[in-house]
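Visitor: Input file: upload.csv. Contents: CSV, C-alpha atoms.
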```csv
chain,number,residue,atom,x,y,z
A,1,MET,CA,-8.0,-17.4,-43.4
A,2,ALA,CA,-9.3,-13.9,-44.3
A,3,SER,CA,-11.2,-12.5,-47.2
A,4,ILE,CA,-12.9,-9.3,-48.5
A,5,ALA,CA,-16.1,-9.4,-50.6
A,6,LYS,CA,-18.2,-6.7,-52.1
A,7,ARG,CA,-21.9,-6.9,-51.2
A,8,PRO,CA,-24.9,-6.0,-53.4
A,9,ASP,CA,-25.4,-2.8,-51.5
A,10,GLY,CA,-21.9,-1.6,-52.3
A,11,SER,CA,-20.4,-2.2,-48.9
A,12,TRP,CA,-17.4,-4.4,-48.3
A,13,ARG,CA,-17.5,-7.4,-46.0
A,14,ALA,CA,-14.3,-8.5,-44.3
A,15,ARG,CA,-14.1,-12.0,-42.8
A,16,TYR,CA,-11.5,-13.9,-40.8
A,17,ARG,CA,-11.3,-17.0,-38.7
A,18,GLY,CA,-10.0,-16.3,-35.2
A,19,PRO,CA,-7.6,-18.4,-33.1
A,20,ASP,CA,-10.6,-19.9,-31.5
A,21,GLY,CA,-11.8,-21.3,-34.8
A,22,LYS,CA,-14.8,-19.0,-35.0
A,23,GLU,CA,-15.5,-16.9,-38.1
A,24,ARG,CA,-16.1,-13.2,-37.6
A,25,SER,CA,-17.0,-10.4,-40.1
A,26,LYS,CA,-17.4,-6.7,-40.3
A,27,HIS,CA,-18.8,-4.3,-43.0
A,28,PHE,CA,-17.1,-1.2,-44.3
A,29,GLY,CA,-17.9,1.5,-46.8
A,30,ARG,CA,-14.5,1.2,-48.4
A,31,LYS,CA,-12.4,-1.8,-49.3
A,32,LEU,CA,-9.3,0.0,-47.9
A,33,ASP,CA,-10.9,0.2,-44.5
A,34,ALA,CA,-11.8,-3.4,-44.6
A,35,GLN,CA,-8.2,-4.4,-45.5
A,36,ARG,CA,-6.9,-2.2,-42.7
A,37,TRP,CA,-9.2,-3.9,-40.2
A,38,LEU,CA,-8.0,-7.4,-41.3
A,39,ASP,CA,-4.4,-6.3,-41.2
A,40,SER,CA,-4.9,-5.1,-37.6
A,41,VAL,CA,-6.5,-8.4,-36.6
A,42,ALA,CA,-3.7,-10.3,-38.3
A,43,SER,CA,-1.1,-8.2,-36.3
A,44,GLN,CA,-3.0,-9.0,-33.1
A,45,VAL,CA,-3.0,-12.7,-33.8
A,46,VAL,CA,0.8,-12.7,-34.6
A,47,THR,CA,1.7,-10.7,-31.5
A,48,GLY,CA,-0.6,-12.7,-29.2
A,49,SER,CA,-2.7,-9.7,-28.2
A,50,TRP,CA,-5.9,-10.9,-30.0
A,51,THR,CA,-9.0,-11.1,-27.8
A,52,ASP,CA,-12.5,-12.4,-28.5
A,53,PRO,CA,-14.5,-9.2,-29.3
A,54,GLU,CA,-17.6,-10.8,-27.7
A,55,ARG,CA,-15.8,-11.1,-24.4
A,56,SER,CA,-15.0,-7.4,-24.3
A,57,ARG,CA,-18.6,-6.2,-24.8
A,58,ILE,CA,-19.5,-6.7,-21.1
A,59,THR,CA,-20.1,-3.4,-19.3
A,60,LEU,CA,-17.6,-2.3,-16.7
A,61,ALA,CA,-20.3,-2.3,-14.0
A,62,THR,CA,-21.0,-6.0,-14.6
A,63,TRP,CA,-17.3,-6.8,-14.8
A,64,SER,CA,-16.5,-4.8,-11.6
A,65,ASP,CA,-19.1,-6.9,-9.7
A,66,GLN,CA,-17.3,-10.1,-10.8
A,67,TRP,CA,-13.9,-8.6,-10.1
A,68,LEU,CA,-14.8,-7.5,-6.6
A,69,ALA,CA,-16.4,-10.8,-5.8
A,70,GLY,CA,-13.2,-12.5,-6.7
A,71,GLN,CA,-10.9,-10.5,-4.5
A,72,LEU,CA,-11.0,-12.9,-1.6
A,73,GLN,CA,-7.7,-11.7,-0.2
A,74,LEU,CA,-9.0,-8.2,0.7
A,75,LYS,CA,-9.5,-7.2,4.2
A,76,GLU,CA,-13.1,-6.0,4.9
A,77,SER,CA,-12.0,-2.4,5.4
A,78,THR,CA,-10.3,-2.5,2.0
A,79,ARG,CA,-13.3,-4.1,0.4
A,80,VAL,CA,-15.5,-1.4,1.8
A,81,ARG,CA,-13.2,1.4,0.6
A,82,TYR,CA,-13.0,-0.1,-2.9
A,83,GLY,CA,-16.8,-0.3,-3.0
A,84,THR,CA,-17.1,3.3,-2.0
A,85,LEU,CA,-14.6,4.4,-4.7
A,86,LEU,CA,-16.6,2.4,-7.3
A,87,ARG,CA,-19.9,3.8,-6.3
A,88,VAL,CA,-18.7,7.5,-6.0
A,89,HIS,CA,-16.1,7.8,-8.7
A,90,VAL,CA,-15.8,4.9,-11.1
A,91,LEU,CA,-19.3,3.6,-11.9
A,92,PRO,CA,-21.0,7.0,-12.5
A,93,THR,CA,-18.6,7.5,-15.5
A,94,TRP,CA,-17.8,3.9,-16.6
A,95,GLY,CA,-20.6,1.7,-15.4
A,96,THR,CA,-22.5,1.5,-18.7
A,97,VAL,CA,-19.4,1.6,-20.9
A,98,LYS,CA,-18.3,-1.7,-22.5
A,99,LEU,CA,-14.7,-2.8,-21.7
A,100,THR,CA,-13.7,-2.6,-25.4
A,101,ASP,CA,-14.8,1.1,-25.4
A,102,VAL,CA,-12.6,2.2,-22.5
A,103,SER,CA,-9.7,4.2,-24.0
A,104,HIS,CA,-6.5,5.6,-22.5
A,105,THR,CA,-7.5,9.2,-23.6
A,106,GLU,CA,-10.8,9.0,-21.9
A,107,VAL,CA,-9.3,7.6,-18.7
A,108,SER,CA,-6.9,10.5,-18.7
A,109,ALA,CA,-9.8,13.0,-19.1
A,110,TRP,CA,-11.7,11.2,-16.3
A,111,VAL,CA,-8.8,11.5,-13.9
A,112,GLN,CA,-8.5,15.3,-14.7
A,113,ARG,CA,-12.2,15.8,-14.1
A,114,ILE,CA,-12.0,14.1,-10.7
A,115,ALA,CA,-9.1,16.3,-9.7
A,116,ALA,CA,-10.8,19.4,-11.0
A,117,GLY,CA,-13.9,18.5,-9.0
A,118,GLY,CA,-12.1,19.1,-5.7
A,119,SER,CA,-11.1,15.5,-4.8
A,120,SER,CA,-7.7,15.2,-3.1
A,121,ALA,CA,-4.8,13.7,-5.0
A,122,SER,CA,-4.9,10.7,-2.8
A,123,THR,CA,-8.6,10.1,-3.7
A,124,VAL,CA,-7.9,10.5,-7.4
A,125,ARG,CA,-5.0,8.0,-7.3
A,126,GLN,CA,-7.1,5.5,-5.4
A,127,ALA,CA,-10.0,5.8,-7.8
A,128,HIS,CA,-7.7,5.3,-10.7
A,129,ARG,CA,-6.1,2.3,-9.0
A,130,VAL,CA,-9.4,0.6,-8.6
A,131,LEU,CA,-10.3,1.1,-12.3
A,132,SER,CA,-6.8,-0.1,-13.3
A,133,LEU,CA,-7.1,-3.2,-11.1
A,134,ILE,CA,-10.4,-4.0,-12.8
A,135,LEU,CA,-9.0,-3.7,-16.2
A,136,ASP,CA,-5.9,-5.6,-15.3
A,137,VAL,CA,-8.0,-8.6,-14.5
A,138,ALA,CA,-9.9,-8.1,-17.8
A,139,VAL,CA,-6.5,-8.4,-19.6
A,140,ARG,CA,-5.6,-11.5,-17.8
A,141,ASP,CA,-9.0,-13.0,-18.5
A,142,GLY,CA,-8.5,-12.4,-22.3
A,143,ARG,CA,-11.2,-9.7,-22.5
A,144,LEU,CA,-8.8,-6.9,-23.4
A,145,PRO,CA,-5.4,-6.9,-25.2
A,146,LYS,CA,-3.9,-4.3,-22.8
A,147,ASN,CA,-4.9,-2.1,-19.9
A,148,PRO,CA,-6.1,1.4,-21.2
A,149,ALA,CA,-5.6,2.8,-17.7
A,150,SER,CA,-1.9,2.1,-17.6
A,151,GLY,CA,0.5,5.0,-17.9
A,152,VAL,CA,-2.1,7.7,-17.1
A,153,ARG,CA,-0.5,10.7,-15.5
A,154,LEU,CA,-1.8,11.1,-12.0
A,155,PRO,CA,-1.6,14.1,-9.6
A,156,ARG,CA,1.2,13.9,-7.1
A,157,ALA,CA,0.0,12.8,-3.7
A,158,HIS,CA,0.8,15.3,-0.9
A,159,VAL,CA,2.8,13.6,1.8
A,160,PRO,CA,2.4,15.5,5.1
A,161,GLU,CA,5.5,16.3,7.0
A,162,ARG,CA,6.1,13.6,9.6
A,163,VAL,CA,6.4,14.6,13.2
A,164,PHE,CA,8.9,12.8,15.4
A,165,LEU,CA,8.6,13.2,19.1
A,166,THR,CA,11.5,13.3,21.6
A,167,HIS,CA,11.5,11.2,24.7
A,168,ASP,CA,10.5,14.3,26.7
A,169,GLN,CA,7.6,15.0,24.3
A,170,VAL,CA,6.4,11.5,24.6
A,171,ASP,CA,6.4,11.8,28.4
A,172,ALA,CA,4.6,15.1,28.2
A,173,LEU,CA,1.9,13.7,25.9
A,174,ALA,CA,1.5,10.6,28.1
A,175,GLN,CA,1.0,12.8,31.1
A,176,ALA,CA,-1.6,14.9,29.3
A,177,ALA,CA,-3.4,11.8,28.2
A,178,CYS,CA,-3.5,10.6,31.8
A,179,GLN,CA,-5.0,13.8,32.9
A,180,VAL,CA,-7.6,13.9,30.1
A,181,GLY,CA,-8.5,10.2,30.4
A,182,GLY,CA,-6.7,8.0,32.8
A,183,THR,CA,-3.6,6.0,33.5
A,184,GLY,CA,-4.4,3.5,30.8
A,185,ASP,CA,-4.6,6.3,28.2
A,186,GLY,CA,-1.1,7.5,29.1
A,187,LEU,CA,0.1,3.9,28.7
A,188,VAL,CA,-1.5,3.8,25.3
A,189,VAL,CA,0.6,6.7,24.2
A,190,ARG,CA,3.8,5.3,25.5
A,191,THR,CA,3.1,1.8,24.1
A,192,LEU,CA,2.5,3.2,20.6
A,193,ALA,CA,5.5,5.5,20.8
A,194,TYR,CA,7.9,2.8,22.0
A,195,THR,CA,6.7,-0.3,20.2
A,196,GLY,CA,5.5,1.1,16.8
A,197,LEU,CA,2.2,-0.8,16.9
A,198,ARG,CA,-0.5,0.2,14.5
A,199,TRP,CA,-3.6,1.3,16.2
A,200,GLY,CA,-5.5,-1.8,15.1
A,201,GLU,CA,-2.8,-4.0,16.5
A,202,LEU,CA,-2.8,-2.3,19.9
A,203,ALA,CA,-6.6,-2.4,20.1
A,204,ALA,CA,-6.5,-6.1,19.3
A,205,LEU,CA,-3.7,-7.0,21.7
A,206,ARG,CA,-4.7,-9.7,24.1
A,207,VAL,CA,-3.2,-10.4,27.5
A,208,GLY,CA,-2.0,-13.8,26.4
A,209,ARG,CA,0.2,-12.2,23.7
A,210,LEU,CA,2.2,-10.4,26.4
A,211,ASP,CA,5.3,-12.2,27.8
A,212,LEU,CA,6.5,-9.6,30.3
A,213,MET,CA,9.0,-11.9,31.9
A,214,ARG,CA,10.9,-12.1,28.6
A,215,ARG,CA,9.8,-8.5,27.6
A,216,ARG,CA,8.1,-9.7,24.4
A,217,LEU,CA,4.9,-8.8,22.7
A,218,GLU,CA,3.3,-10.9,19.9
A,219,VAL,CA,1.3,-9.1,17.2
A,220,ALA,CA,-1.1,-11.6,15.7
A,221,GLU,CA,-4.4,-9.8,15.3
A,222,ALA,CA,-5.7,-6.4,14.2
A,223,VAL,CA,-9.1,-4.8,14.6
A,224,THR,CA,-10.6,-2.1,12.4
A,225,GLU,CA,-13.8,-0.1,12.6
A,226,VAL,CA,-15.9,-0.5,9.5
A,227,GLY,CA,-19.3,1.1,9.3
A,228,GLY,CA,-19.4,1.6,13.0
A,229,ARG,CA,-18.5,-2.0,13.9
A,230,ALA,CA,-15.3,-3.8,14.9
A,231,VAL,CA,-13.9,-6.1,12.2
A,232,TRP,CA,-11.2,-8.6,13.3
A,233,GLY,CA,-8.4,-9.9,11.1
A,234,THR,CA,-4.7,-10.3,10.7
A,235,PRO,CA,-2.1,-7.5,10.8
A,236,LYS,CA,-1.6,-5.5,7.7
A,237,THR,CA,1.0,-7.8,6.2
A,238,HIS,CA,-0.9,-10.9,7.2
A,239,ALA,CA,2.1,-12.0,9.2
A,240,THR,CA,2.7,-12.2,13.0
A,241,ARG,CA,5.7,-10.6,14.6
A,242,VAL,CA,7.3,-10.4,18.0
A,243,ILE,CA,8.4,-7.0,19.4
A,244,ALA,CA,10.7,-6.3,22.3
A,245,VAL,CA,9.1,-4.4,25.1
A,246,PRO,CA,11.2,-1.6,26.7
A,247,ARG,CA,11.8,-2.1,30.5
A,248,SER,CA,10.1,1.2,31.2
A,249,LEU,CA,6.8,-0.3,30.0
A,250,VAL,CA,6.9,-3.6,31.7
A,251,ASP,CA,5.6,-2.7,35.2
A,252,ASP,CA,2.9,-0.5,33.8
A,253,LEU,CA,1.7,-3.1,31.4
A,254,ALA,CA,1.7,-5.7,34.1
A,255,ALA,CA,-0.5,-3.5,36.2
A,256,GLN,CA,-2.7,-2.8,33.2
A,257,VAL,CA,-3.5,-6.5,32.6
A,258,ALA,CA,-3.5,-7.7,36.2
A,259,GLY,CA,-6.4,-10.0,36.9
A,260,ARG,CA,-7.4,-10.4,33.3
A,261,ALA,CA,-7.7,-13.7,31.4
A,262,PRO,CA,-5.3,-14.5,28.6
A,263,THR,CA,-8.0,-14.0,26.0
A,264,ASP,CA,-9.0,-10.6,27.4
A,265,LEU,CA,-8.0,-7.4,25.6
A,266,ALA,CA,-5.0,-5.5,27.1
A,267,PHE,CA,-6.6,-2.1,26.3
A,268,THR,CA,-10.3,-1.5,26.4
A,269,ALA,CA,-12.8,1.3,26.1
A,270,PRO,CA,-13.9,2.9,29.4
A,271,ARG,CA,-17.0,0.7,29.5
A,272,GLY,CA,-15.3,-2.3,28.2
A,273,GLY,CA,-15.1,-3.7,24.7
A,274,VAL,CA,-12.8,-2.6,21.8
A,275,LEU,CA,-11.0,0.7,22.1
A,276,LEU,CA,-12.0,2.3,18.9
A,277,LEU,CA,-9.7,4.8,17.3
A,278,ARG,CA,-12.4,7.4,16.4
A,279,ASN,CA,-13.6,7.6,20.0
A,280,TRP,CA,-10.1,7.6,21.6
A,281,ARG,CA,-8.8,10.3,19.3
A,282,ARG,CA,-11.8,12.6,19.9
A,283,ASN,CA,-12.0,12.0,23.7
A,284,VAL,CA,-8.4,11.7,24.7
A,285,PHE,CA,-5.8,12.3,22.0
A,286,VAL,CA,-7.0,15.6,20.6
A,287,PRO,CA,-7.3,17.3,24.0
A,288,ALA,CA,-4.0,15.8,25.1
A,289,ILE,CA,-1.9,17.0,22.1
A,290,ARG,CA,-3.5,20.5,22.7
A,291,ASP,CA,-2.5,20.5,26.3
A,292,ALA,CA,1.0,19.2,25.5
A,293,GLY,CA,1.5,21.8,22.8
A,294,LEU,CA,1.8,19.2,20.1
A,295,GLU,CA,-0.9,20.3,17.7
A,296,GLY,CA,-0.5,18.7,14.3
A,297,LEU,CA,0.5,15.3,15.6
A,298,THR,CA,-1.6,12.3,14.5
A,299,VAL,CA,-2.0,9.0,16.3
A,300,HIS,CA,0.0,7.4,13.4
A,301,GLY,CA,2.7,9.9,14.2
A,302,LEU,CA,3.5,7.9,17.3
A,303,ARG,CA,4.4,5.0,15.0
A,304,HIS,CA,6.8,7.3,13.2
A,305,THR,CA,8.1,8.4,16.6
A,306,ALA,CA,8.8,4.7,17.5
A,307,ALA,CA,10.9,4.4,14.3
A,308,SER,CA,12.8,7.6,15.1
A,309,LEU,CA,13.6,6.7,18.7
A,310,ALA,CA,14.7,3.2,17.7
A,311,ALA,CA,17.0,4.5,15.0
A,312,SER,CA,18.5,7.1,17.4
A,313,ALA,CA,19.1,4.2,19.9
A,314,GLY,CA,21.2,2.4,17.3
A,315,ALA,CA,18.6,0.1,15.6
A,316,SER,CA,19.4,-1.0,12.1
A,317,VAL,CA,17.0,-0.8,9.1
A,318,ARG,CA,16.2,-4.4,9.6
A,319,HIS,CA,15.5,-4.0,13.3
A,320,VAL,CA,13.1,-1.1,12.6
A,321,GLN,CA,11.5,-3.2,9.8
A,322,ALA,CA,10.9,-6.1,12.2
A,323,MET,CA,9.5,-3.8,14.8
A,324,LEU,CA,7.1,-2.0,12.5
A,325,GLY,CA,6.1,-5.1,10.6
A,326,HIS,CA,7.0,-3.7,7.2
A,327,ALA,CA,6.9,-6.2,4.3
A,328,SER,CA,10.5,-5.4,3.4
A,329,PRO,CA,13.5,-3.3,4.5
A,330,VAL,CA,13.1,-1.4,1.2
A,331,LEU,CA,9.8,0.1,2.5
A,332,THR,CA,11.4,1.0,5.8
A,333,LEU,CA,14.4,2.7,4.2
A,334,SER,CA,12.2,4.6,1.7
A,335,THR,CA,10.0,5.9,4.5
A,336,TYR,CA,12.7,6.7,7.1
A,337,GLN,CA,15.9,7.0,5.1
A,338,HIS,CA,16.8,10.3,6.8
A,339,LEU,CA,16.8,8.5,10.2
A,340,PHE,CA,19.7,6.4,9.0
A,341,ASP,CA,22.0,9.1,7.7
A,342,ASP,CA,24.4,8.5,10.6
A,343,ASP,CA,24.7,4.8,9.4
A,344,LEU,CA,25.7,6.0,6.0
A,345,ASP,CA,28.3,8.3,7.5
A,346,ALA,CA,29.6,5.4,9.6
A,347,VAL,CA,29.9,3.2,6.5
A,348,ALA,CA,31.8,5.9,4.6
A,349,ASP,CA,34.2,6.3,7.6
A,350,ARG,CA,34.8,2.6,7.6
A,351,LEU,CA,35.5,2.6,3.9
A,352,ASP,CA,37.9,5.4,4.3
A,353,ALA,CA,39.7,3.5,7.1
A,354,ALA,CA,39.9,0.4,5.0
A,355,ALA,CA,41.3,2.4,2.0
A,356,ASP,CA,43.9,4.0,4.3
A,357,ARG,CA,45.0,0.6,5.6
A,358,ALA,CA,45.3,-0.8,2.1
A,359,ARG,CA,47.4,2.2,1.0
A,360,GLN,CA,49.6,1.8,4.1
A,361,ASP,CA,50.0,-1.9,3.4
A,362,ARG,CA,51.1,-1.2,-0.2
A,363,ALA,CA,53.6,1.4,1.0
A,364,ASP,CA,55.1,-1.0,3.5
A,365,GLN,CA,55.4,-3.7,0.8
A,366,VAL,CA,57.3,-1.2,-1.5
A,367,ARG,CA,59.6,-0.2,1.3
A,368,THR,CA,60.3,-3.8,2.2
A,369,SER,CA,61.0,-4.7,-1.5
A,370,ALA,CA,63.4,-1.7,-1.7
A,371,SER,CA,65.3,-2.8,1.4
A,372,VAL,CA,65.7,-6.4,0.1
A,373,THR,CA,67.0,-5.1,-3.2
A,374,GLN,CA,69.6,-2.9,-1.4
A,375,LEU,CA,70.8,-5.7,0.7
A,376,GLY,CA,71.2,-7.9,-2.3
```
Show this structure as structure tokens.

Guide:
Amino acid sequence: MASIAKRPDGSWRARYRGPDGKERSKHFGRKLDAQRWLDSVASQVVTGSWTDPERSRITLATWSDQWLAGQLQLKESTRVRYGTLLRVHVLPTWGTVKLTDVSHTEVSAWVQRIAAGGSSASTVRQAHRVLSLILDVAVRDGRLPKNPASGVRLPRAHVPERVFLTHDQVDALAQAACQVGGTGDGLVVRTLAYTGLRWGELAALRVGRLDLMRRRLEVAEAVTEVGGRAVWGTPKTHATRVIAVPRSLVDDLAAQVAGRAPTDLAFTAPRGGVLLLRNWRRNVFVPAIRDAGLEGLTVHGLRHTAASLAASAGASVRHVQAMLGHASPVLTLSTYQHLFDDDLDAVADRLDAAADRARQDRADQVRTSASVTQLG
């Protein structure tokens, strides 16, 4: 039930009882404005978008603390990254702002300011994502009717051109890594290039996960460097997978893990312990790509190389998906679609052949029918 009453001071008091049974009121200088407010509230109640105004008066800083504490599914590296984005980009602007005061227009202006301040498109998109995730939970919690960060135009992220090595280039890089570091470093290059492991999966690979008799490798763990320390967890998709090991790697892997216990790491730092990406990239990879004439290649580029070499060897999209541990073949195809152009050509050729056979069958039937008619 809603009502509007004129107060002694000349203002107009609009009152209504919300879906929660509580009465709320607001004062206006004009009766027209009071009626518009009540109409707006009534519309929200009818459409199911009404929210308790008190619940949306919490500041974004307070709500972000509750939000981050509830994200139990996050890997520690992701949690640290989100925390950094909050501290550097989100909270300086939005920390003291109440949820109800966050508007779509102001979020758009904030995104433009970050971009104009020199941040990369990727950073801008990540900062916006964190803010949007926070507001999404506020909507689900009944604190906001809708997410004001939704639909904001974002700068297009620059996707660097992927580098795909040939077999000869992989060998050249592996030899260069051997000369810079040692035999194990060359094997790291070849293992990454022929199995598609992520760095954290290779660094976490234990001897007991290798079944070299069956030429299989089980990916069940990953390790990430966070704040200078190694953090252990599951692979990126939280799922284990089994990868076929090329015969060319079997003997070298067997020599690499000889004498080690099943729980020992297959690849370690020169003085033992986890082989950290930052150290290996600086001490081995960067000098090796320079010596091999492959400047511009990244360590992750060896994973792209694995996909390319597998596709060129006849692997299907699903085979490459399984090898790389992608959540779905859609992701694999959207990332590496050009690697499967030959498959598309082959499908087109098979369709042509099927169509030709169908036309030929119809022609044979017509000729047969004509012959029967003549004989009759």

Visitor: Taking into account all atoms listed in the file, which residue in the set A:Arg303, A:Arg81, A:Lys146, A:Arg87 is nearest to Thr100 in chain A?

Guide: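 Distance minimum relative to Thr100 in chain A lands on A:Lys146.
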
Visitor: Which is closest to Arg215 in chain A among A:Ala258, A:Val111, A:Val139, A:Ala244, if we use only C-alpha atoms?

Guide: A:Ala244

Visitor: Counting only C-alpha atoms, which residue out of A:Tyr194, A:Phe28, A:Trp67, A:Trp12 sits closest to Arg247 in chain A?

Guide: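 Closest to Arg247 in chain A of all the choices is A:Tyr194.
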
Visitor: Using all atoms listed in the file, which of the listed residues (A:Val41, A:Val88, A:Leu165, A:Leu265) sits closest to Pro19 in chain A?

Guide: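 The shortest atom-to-atom distance to Pro19 in chain A comes from A:Val41.
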
Visitor: With only C-alpha atoms as the basis for distance, which of A:Gly314, A:Gly142, A:Gly70, A:Gly200 is at the shortest distance from Leu339 in chain A?

Guide: A:Gly314

Visitor: Between CA of Ala174 in chain A and CA of Leu205 in chain A, what is the distance, to one decimal in Å?

Guide: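 Separation of CA of Ala174 in chain A and CA of Leu205 in chain A: 19.4 Å.
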
Visitor: Do you know which residues are at most 12 Å from range 123-130 of chain A counting only C-alpha atoms, after dropping those on the same chain fewer than 4 positions away, and could you put them as a ChimeraX atom specification?

Guide: /A:60,64,67-68,71,78-79,81-91,93-94,104,107-119,134-137,147-158

Visitor: Could you tell me which of A:Gly208, A:Gly184, A:Gly227, A:Gly21 comes closest to Ala261 in chain A if we count all atoms listed in the file?

Guide: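 With all atoms listed in the file as the atom set, the closest residue is A:Gly208.
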
Visitor: Distance table requested - range 62-180 of chain A against range 271-292 of chain A, cut-off 9 Å, all atoms listed in the file: one row per qualifying residue with the closest atom pair and its distance in Å to one decimal, ordered by chain and rising residue number, as a Markdown table.

Guide:
```
| residue | atom | partner | partner_atom | distance |
| --- | --- | --- | --- | --- |
| A:Gln169 | CA | A:Ala292 | CA | 7.9 |
| A:Ala172 | CA | A:Ala292 | CA | 6.1 |
| A:Leu173 | CA | A:Ala292 | CA | 5.6 |
| A:Ala174 | CA | A:Ala288 | CA | 8.1 |
| A:Gln175 | CA | A:Ala288 | CA | 8.4 |
| A:Ala176 | CA | A:Ala288 | CA | 4.9 |
| A:Ala177 | CA | A:Ala288 | CA | 5.1 |
| A:Cys178 | CA | A:Ala288 | CA | 8.5 |
| A:Gln179 | CA | A:Ala288 | CA | 8.1 |
| A:Val180 | CA | A:Val284 | CA | 5.9 |
```

Visitor: Taking C-alpha atoms for each residue, export the selection above as a PDB file, in the coordinates of the input.

Guide:
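part_28.pdb, written as the output of this step:
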```
ATOM      1  CA  GLN A 169       7.600  15.000  24.300  1.00  0.00           C
ATOM      2  CA  ALA A 172       4.600  15.100  28.200  1.00  0.00           C
ATOM      3  CA  LEU A 173       1.900  13.700  25.900  1.00  0.00           C
ATOM      4  CA  ALA A 174       1.500  10.600  28.100  1.00  0.00           C
ATOM      5  CA  GLN A 175       1.000  12.800  31.100  1.00  0.00           C
ATOM      6  CA  ALA A 176      -1.600  14.900  29.300  1.00  0.00           C
ATOM      7  CA  ALA A 177      -3.400  11.800  28.200  1.00  0.00           C
ATOM      8  CA  CYS A 178      -3.500  10.600  31.800  1.00  0.00           C
ATOM      9  CA  GLN A 179      -5.000  13.800  32.900  1.00  0.00           C
ATOM     10  CA  VAL A 180      -7.600  13.900  30.100  1.00  0.00           C
TER      11      VAL A 180
END
```

Visitor: Just want the 10 Å neighbourhood of Ala193 in chain A, counted on all atoms listed in the file, with same-chain residues fewer than 6 positions away dropped. Output as JSON, numbers by chain.

Guide: {"A": [164, 165, 166, 167, 170, 171, 174, 187, 299, 300, 301, 302, 303, 304, 305, 306, 307, 308, 309, 310]}

Visitor: In Å, how far is it from CA of Asp101 in chain A to CA of Gln73 in chain A?

Guide: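 A separation of 29.1 Å between them.
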
Visitor: List as CSV every residue of range 110-197 of chain A that is in contact with range 231-241 of chain A, defined as an atom at most 12 Å from one of its atoms (using all atoms listed in the file), together with the nearest atom pair and the distance in Å rounded to one decimal, sorted by chain and then rising number.

Guide:
```
residue,atom,partner,partner_atom,distance
A:Thr195,CA,A:Arg241,CA,11.8
A:Gly196,CA,A:Arg241,CA,11.9
A:Leu197,CA,A:Pro235,CA,10.0
```

Visitor: Could you please determine the separation between CA of Ser103 in chain A and CA of Gly48 in chain A in Å, to one decimal place?

Guide: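 These atoms are spaced 19.9 Å apart.
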
Visitor: Once you count all atoms listed in the file, which residues end up no further than 12 Å from (9.5, -13.3, 32.7) in the file's frame, shown as an MDAnalysis selection string?

Guide: chainID A and resid 210:217 245 247 250:251 254

Visitor: As a short mmCIF file (atom, residue, chain, number, x, y, z; two decimals), keeping the file's coordinate frame, could you write out range 233-241 of chain A once it has been completed with N, CA, C and O atoms?

Guide:
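As written to disk, rebuild05.cif reads:
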```
data_model
loop_
_atom_site.label_atom_id
_atom_site.label_comp_id
_atom_site.auth_asym_id
_atom_site.auth_seq_id
_atom_site.Cartn_x
_atom_site.Cartn_y
_atom_site.Cartn_z
N GLY A 233 -9.20 -9.23 12.15
CA GLY A 233 -8.40 -9.90 11.10
C GLY A 233 -6.98 -9.99 11.47
O GLY A 233 -6.61 -9.87 12.65
N THR A 234 -6.15 -10.20 10.47
CA THR A 234 -4.70 -10.30 10.70
C THR A 234 -4.08 -8.94 10.58
O THR A 234 -4.70 -7.99 10.11
N PRO A 235 -2.82 -8.80 11.01
CA PRO A 235 -2.10 -7.50 10.80
C PRO A 235 -2.03 -7.17 9.33
O PRO A 235 -2.34 -7.99 8.46
N LYS A 236 -1.59 -5.98 9.04
CA LYS A 236 -1.60 -5.50 7.70
C LYS A 236 -0.90 -6.35 6.69
O LYS A 236 -1.37 -6.54 5.56
N THR A 237 0.24 -6.91 7.07
CA THR A 237 1.00 -7.80 6.20
C THR A 237 0.61 -9.22 6.27
O THR A 237 1.25 -10.08 5.66
N HIS A 238 -0.44 -9.53 7.04
CA HIS A 238 -0.90 -10.90 7.20
C HIS A 238 0.08 -11.79 7.93
O HIS A 238 -0.03 -13.01 7.85
N ALA A 239 1.06 -11.20 8.58
CA ALA A 239 2.10 -12.00 9.20
C ALA A 239 2.20 -11.57 10.70
O ALA A 239 2.06 -10.39 11.03
N THR A 240 2.45 -12.54 11.57
CA THR A 240 2.70 -12.20 13.00
C THR A 240 4.10 -11.77 13.17
O THR A 240 4.98 -12.08 12.36
N ARG A 241 4.34 -11.05 14.25
CA ARG A 241 5.70 -10.60 14.60
C ARG A 241 5.83 -10.49 16.07
O ARG A 241 4.81 -10.38 16.77
#
```
